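Peer 1: The structure is given below, and queries will be raised subsequently.
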Amino acid sequence: MDRNNIPEEHSDPWVNLPLGYITTLTQALSGAGVQIDRSWLDPRDPRDATIIHMTAGERHALVWDEETGWRTGRYLSGRQGVRTELADAVYLGGGVLVDPREVAARLLTGTQAPRRALRSYTDTRDGLDDALRQYAG
């Protein structure tokens, strides 16, 4: 896997906490044949991450946030520090911290689920950060 596809460490340790999870997902996607262009962590409140990938010659993005989990759609705009904008966004479901192989499978099979707020970014003691730490290298 191209190291350039893995997000760089973020200067804010709290925003950086999902790095291991997002890295594991980029590896799962790449292993499933998804062509990844780039990815990044940021911004916060809620924390999120973006993975830009190519589908049928178009840029699409997978976007994770700590309140609603994963969604995907055609990439319109975004960069580190700016929220990613998608066209025709659909949620993949499965929770906030879905196993990376399952996220890849949901993306490739076109799984869709309703948007659900699963937690608030202010819920700092609900176990999410501990679960994210399990992905740290």
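Naming scheme: A, B, ... for chains in displayed order of the structure tokens; residues 1 onward per chain; ligands 1 onward as shown.
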Would you list the contacts of region 26-40 of chain A as a list in words, taking every protein, DNA or RNA residue within 8 Å and counting only C-alpha atoms, but skipping same-chain residues closer than 3 positions in sequence?
Peer 2: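 Non-adjacent residues within range: Met1, Asn4, Asn5, Ile6, Pro7, Glu8, Ile22, Thr23, Ala49, Thr50, Ile51, Ile52, His53, Met54, Thr55, Arg79, Gln80, Pro100, Arg101 and Ala104 of chain A.
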Peer 1: Got time to write the residues from that selection, all heavy atoms, as a compact mmCIF listing (two decimals), in the first residue's frame?
Peer 2:
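So result_0.txt came out as:
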# COMPACT_ATOMS: atom_id res chain seq x y z
N MET A 1 0.84 -1.18 0.00
CA MET A 1 0.00 0.00 0.00
C MET A 1 0.88 1.24 0.00
O MET A 1 1.88 1.31 0.69
CB MET A 1 -0.90 -0.03 1.22
CG MET A 1 -1.69 1.23 1.40
SD MET A 1 -2.89 0.99 2.69
CE MET A 1 -3.79 2.47 2.40
N ASN A 4 1.45 7.21 1.07
CA ASN A 4 0.81 8.50 0.89
C ASN A 4 -0.71 8.43 1.08
O ASN A 4 -1.35 9.46 1.27
CB ASN A 4 1.11 9.07 -0.50
CG ASN A 4 2.58 9.40 -0.65
OD1 ASN A 4 3.24 9.76 0.30
ND2 ASN A 4 3.08 9.26 -1.86
N ASN A 5 -1.28 7.25 1.03
CA ASN A 5 -2.73 7.10 1.19
C ASN A 5 -3.15 7.06 2.66
O ASN A 5 -4.33 7.15 2.96
CB ASN A 5 -3.21 5.82 0.51
CG ASN A 5 -2.96 5.87 -0.99
OD1 ASN A 5 -2.89 6.94 -1.58
ND2 ASN A 5 -2.83 4.73 -1.59
N ILE A 6 -2.21 6.90 3.54
CA ILE A 6 -2.49 6.83 4.97
C ILE A 6 -2.42 8.25 5.53
O ILE A 6 -1.50 8.99 5.21
CB ILE A 6 -1.48 5.91 5.68
CG1 ILE A 6 -1.61 4.49 5.14
CG2 ILE A 6 -1.68 5.95 7.18
CD1 ILE A 6 -0.54 3.56 5.62
N PRO A 7 -3.40 8.64 6.33
CA PRO A 7 -3.35 10.01 6.85
C PRO A 7 -2.11 10.25 7.71
O PRO A 7 -1.63 9.35 8.39
CB PRO A 7 -4.62 10.14 7.70
CG PRO A 7 -5.22 8.80 7.79
CD PRO A 7 -4.53 7.89 6.83
N GLU A 8 -1.62 11.46 7.63
CA GLU A 8 -0.50 11.85 8.49
C GLU A 8 -1.00 12.07 9.90
O GLU A 8 -2.18 12.33 10.12
CB GLU A 8 0.14 13.13 7.97
CG GLU A 8 0.81 12.97 6.64
CD GLU A 8 1.46 14.27 6.18
OE1 GLU A 8 1.65 15.19 7.00
OE2 GLU A 8 1.79 14.35 4.99
N ILE A 22 -8.36 4.58 11.09
CA ILE A 22 -8.44 5.01 9.70
C ILE A 22 -7.35 4.33 8.87
O ILE A 22 -7.59 3.91 7.73
CB ILE A 22 -8.36 6.56 9.59
CG1 ILE A 22 -9.47 7.21 10.42
CG2 ILE A 22 -8.41 7.00 8.14
CD1 ILE A 22 -10.89 6.75 10.09
N THR A 23 -6.16 4.18 9.42
CA THR A 23 -5.08 3.48 8.72
C THR A 23 -5.46 2.03 8.45
O THR A 23 -5.27 1.52 7.35
CB THR A 23 -3.77 3.55 9.54
OG1 THR A 23 -3.40 4.92 9.68
CG2 THR A 23 -2.65 2.76 8.89
N ALA A 49 -12.82 11.98 9.61
CA ALA A 49 -11.75 11.57 8.72
C ALA A 49 -12.34 11.39 7.33
O ALA A 49 -13.51 11.05 7.19
CB ALA A 49 -11.13 10.25 9.20
N THR A 50 -11.50 11.62 6.33
CA THR A 50 -11.93 11.49 4.94
C THR A 50 -10.95 10.60 4.21
O THR A 50 -9.74 10.74 4.36
CB THR A 50 -11.99 12.87 4.26
OG1 THR A 50 -12.94 13.68 4.94
CG2 THR A 50 -12.37 12.75 2.80
N ILE A 51 -11.50 9.70 3.38
CA ILE A 51 -10.69 8.85 2.50
C ILE A 51 -11.23 9.06 1.09
O ILE A 51 -12.38 8.72 0.80
CB ILE A 51 -10.80 7.36 2.89
CG1 ILE A 51 -10.32 7.15 4.33
CG2 ILE A 51 -10.01 6.50 1.91
CD1 ILE A 51 -10.60 5.76 4.88
N ILE A 52 -10.41 9.66 0.23
CA ILE A 52 -10.79 9.89 -1.16
C ILE A 52 -10.40 8.64 -1.95
O ILE A 52 -9.28 8.15 -1.84
CB ILE A 52 -10.06 11.12 -1.75
CG1 ILE A 52 -10.27 12.35 -0.88
CG2 ILE A 52 -10.50 11.36 -3.19
CD1 ILE A 52 -11.68 12.84 -0.80
N HIS A 53 -11.34 8.15 -2.76
CA HIS A 53 -11.06 6.98 -3.58
C HIS A 53 -11.70 7.14 -4.95
O HIS A 53 -12.58 7.99 -5.14
CB HIS A 53 -11.54 5.69 -2.89
CG HIS A 53 -13.02 5.65 -2.66
ND1 HIS A 53 -13.90 5.05 -3.54
CD2 HIS A 53 -13.78 6.14 -1.66
CE1 HIS A 53 -15.13 5.17 -3.07
NE2 HIS A 53 -15.09 5.84 -1.93
N MET A 54 -11.24 6.36 -5.89
CA MET A 54 -11.75 6.42 -7.25
C MET A 54 -12.76 5.29 -7.46
O MET A 54 -12.52 4.15 -7.11
CB MET A 54 -10.61 6.29 -8.26
CG MET A 54 -9.57 7.40 -8.17
SD MET A 54 -10.25 9.06 -8.43
CE MET A 54 -10.62 8.98 -10.17
N THR A 55 -13.91 5.65 -8.05
CA THR A 55 -14.93 4.68 -8.41
C THR A 55 -15.43 5.05 -9.80
O THR A 55 -15.90 6.18 -10.00
CB THR A 55 -16.11 4.70 -7.41
OG1 THR A 55 -15.61 4.37 -6.11
CG2 THR A 55 -17.19 3.71 -7.80
N ARG A 79 -10.70 19.45 2.64
CA ARG A 79 -9.27 19.29 2.88
C ARG A 79 -9.09 19.28 4.39
O ARG A 79 -10.04 19.54 5.14
CB ARG A 79 -8.45 20.40 2.23
CG ARG A 79 -8.68 21.78 2.79
CD ARG A 79 -7.92 22.84 2.00
NE ARG A 79 -7.88 24.13 2.63
CZ ARG A 79 -8.91 24.94 2.84
NH1 ARG A 79 -10.12 24.58 2.47
NH2 ARG A 79 -8.75 26.11 3.41
N GLN A 80 -7.88 19.00 4.82
CA GLN A 80 -7.65 18.98 6.26
C GLN A 80 -8.00 20.34 6.84
O GLN A 80 -7.57 21.38 6.33
CB GLN A 80 -6.21 18.61 6.58
CG GLN A 80 -6.01 18.34 8.04
CD GLN A 80 -4.68 17.70 8.33
OE1 GLN A 80 -3.70 17.94 7.64
NE2 GLN A 80 -4.64 16.87 9.35
N PRO A 100 -13.10 -2.43 10.18
CA PRO A 100 -12.66 -1.94 8.87
C PRO A 100 -12.99 -2.88 7.71
O PRO A 100 -13.34 -2.41 6.63
CB PRO A 100 -11.15 -1.77 9.05
CG PRO A 100 -11.01 -1.44 10.51
CD PRO A 100 -12.04 -2.31 11.19
N ARG A 101 -12.89 -4.19 7.89
CA ARG A 101 -13.24 -5.10 6.79
C ARG A 101 -14.71 -5.02 6.46
O ARG A 101 -15.11 -5.13 5.31
CB ARG A 101 -12.84 -6.53 7.15
CG ARG A 101 -11.32 -6.72 7.24
CD ARG A 101 -11.02 -8.07 7.81
NE ARG A 101 -11.71 -8.16 9.11
CZ ARG A 101 -11.18 -8.61 10.22
NH1 ARG A 101 -9.97 -9.06 10.23
NH2 ARG A 101 -11.85 -8.62 11.35
N ALA A 104 -15.35 -1.87 4.39
CA ALA A 104 -14.98 -2.13 2.99
C ALA A 104 -16.07 -2.93 2.29
O ALA A 104 -16.47 -2.61 1.17
CB ALA A 104 -13.64 -2.86 2.93
Peer 1: Residues of region 9-50 of chain A that approach region 81-90 of chain A to 9 Å or less, counting only C-alpha atoms: could you list each one with the shortest pair of atoms and its distance in Å to one decimal, rows by chain and increasing residue number, as CSV?
Peer 2:
residue,atom,partner,partner_atom,distance
A:Leu41,CA,A:Gly81,CA,8.3
A:Asp42,CA,A:Gly81,CA,5.4
A:Pro43,CA,A:Gly81,CA,4.9
A:Arg44,CA,A:Gly81,CA,8.5
A:Asp48,CA,A:Arg83,CA,8.3
A:Ala49,CA,A:Thr84,CA,8.8
A:Thr50,CA,A:Thr84,CA,7.1
Peer 1: Taking the chain letters and numbering used in this document, name the residues of chain A that DSSP puts in helix (DSSP H, G or I), as a PyMOL selection string.
Peer 2: chain A and resi 3-5+13-16+19-31+100-109+128-133
Peer 1: Emit the selected residues as a PDB file, in the first residue's frame, including C-alpha atoms.
Peer 2:
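Output below, filename out14.pdb:
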ATOM      1  CA  ARG A   3       2.154   5.250   2.382  1.00  0.00           C
ATOM      2  CA  ASN A   4       0.808   8.505   0.887  1.00  0.00           C
ATOM      3  CA  ASN A   5      -2.725   7.097   1.194  1.00  0.00           C
ATOM      4  CA  PRO A  13      -3.579  14.350  19.977  1.00  0.00           C
ATOM      5  CA  TRP A  14      -7.355  14.100  20.452  1.00  0.00           C
ATOM      6  CA  VAL A  15      -8.020  14.551  16.708  1.00  0.00           C
ATOM      7  CA  ASN A  16      -5.176  12.104  16.023  1.00  0.00           C
ATOM      8  CA  LEU A  19      -5.391   7.477  13.106  1.00  0.00           C
ATOM      9  CA  GLY A  20      -4.885   3.754  13.761  1.00  0.00           C
ATOM     10  CA  TYR A  21      -8.527   2.973  12.910  1.00  0.00           C
ATOM     11  CA  ILE A  22      -8.444   5.009   9.699  1.00  0.00           C
ATOM     12  CA  THR A  23      -5.081   3.478   8.724  1.00  0.00           C
ATOM     13  CA  THR A  24      -6.475  -0.029   9.262  1.00  0.00           C
ATOM     14  CA  LEU A  25      -9.456   0.870   7.094  1.00  0.00           C
ATOM     15  CA  THR A  26      -7.314   2.270   4.273  1.00  0.00           C
ATOM     16  CA  GLN A  27      -5.396  -1.013   4.319  1.00  0.00           C
ATOM     17  CA  ALA A  28      -8.640  -3.034   4.214  1.00  0.00           C
ATOM     18  CA  LEU A  29      -9.941  -0.933   1.326  1.00  0.00           C
ATOM     19  CA  SER A  30      -6.702  -1.237  -0.608  1.00  0.00           C
ATOM     20  CA  GLY A  31      -6.687  -4.998  -0.004  1.00  0.00           C
ATOM     21  CA  PRO A 100     -12.661  -1.941   8.874  1.00  0.00           C
ATOM     22  CA  ARG A 101     -13.237  -5.104   6.791  1.00  0.00           C
ATOM     23  CA  GLU A 102     -16.975  -4.657   7.254  1.00  0.00           C
ATOM     24  CA  VAL A 103     -16.772  -1.004   6.174  1.00  0.00           C
ATOM     25  CA  ALA A 104     -14.977  -2.128   2.994  1.00  0.00           C
ATOM     26  CA  ALA A 105     -17.633  -4.793   2.363  1.00  0.00           C
ATOM     27  CA  ARG A 106     -20.469  -2.310   2.966  1.00  0.00           C
ATOM     28  CA  LEU A 107     -18.889   0.148   0.530  1.00  0.00           C
ATOM     29  CA  LEU A 108     -18.326  -2.474  -2.171  1.00  0.00           C
ATOM     30  CA  THR A 109     -21.827  -3.961  -1.869  1.00  0.00           C
ATOM     31  CA  LEU A 128     -15.117   5.287  22.025  1.00  0.00           C
ATOM     32  CA  ASP A 129     -11.676   6.710  22.753  1.00  0.00           C
ATOM     33  CA  ASP A 130     -10.673   3.458  24.481  1.00  0.00           C
ATOM     34  CA  ALA A 131     -11.877   1.489  21.435  1.00  0.00           C
ATOM     35  CA  LEU A 132      -9.910   3.793  19.119  1.00  0.00           C
ATOM     36  CA  ARG A 133      -6.767   3.249  21.188  1.00  0.00           C
TER      37      ARG A 133
END
Peer 1: So that I can check the surroundings of Ala117 (chain A), please list as a list in words every protein, DNA and RNA residue that reaches within 6 Å of it, counting only C-alpha atoms and ignoring chain neighbours fewer than 2 positions away.
Peer 2: Glu67, Thr68 and Arg119 of chain A
Peer 1: Work out how far CA of Leu17 (chain A) is from CA of Ser120 (chain A), in Å to one decimal.
Peer 2: 16.3 Å
Peer 1: Between CA of Arg115 (chain A) and CA of Gly93 (chain A), what is the distance in Å, rounded to a tenth?
Peer 2: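 Going from CA of Arg115 (chain A) over to CA of Gly93 (chain A), I get 7.7 Å.
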Peer 1: To one decimal place in Å, what is the distance between CA of Gly127 (chain A) and CA of Tyr91 (chain A)?
Peer 2: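 One can read the CA of Gly127 (chain A) to CA of Tyr91 (chain A) distance as 22.4 Å.
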Peer 1: How would you write, as a ChimeraX atom specification, the set of residues in chain A that DSSP gives as strand (DSSP E)?
Peer 2: /A:35-41,48-55,58-65,69-79,82-91
Peer 1: For Trp64 (chain A), which of A:Ala113, A:Leu118, A:Ala136, A:Val96 is the closest residue, counting only C-alpha atoms?
Peer 2: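 The shortest atom-to-atom distance to Trp64 (chain A) comes from A:Val96.
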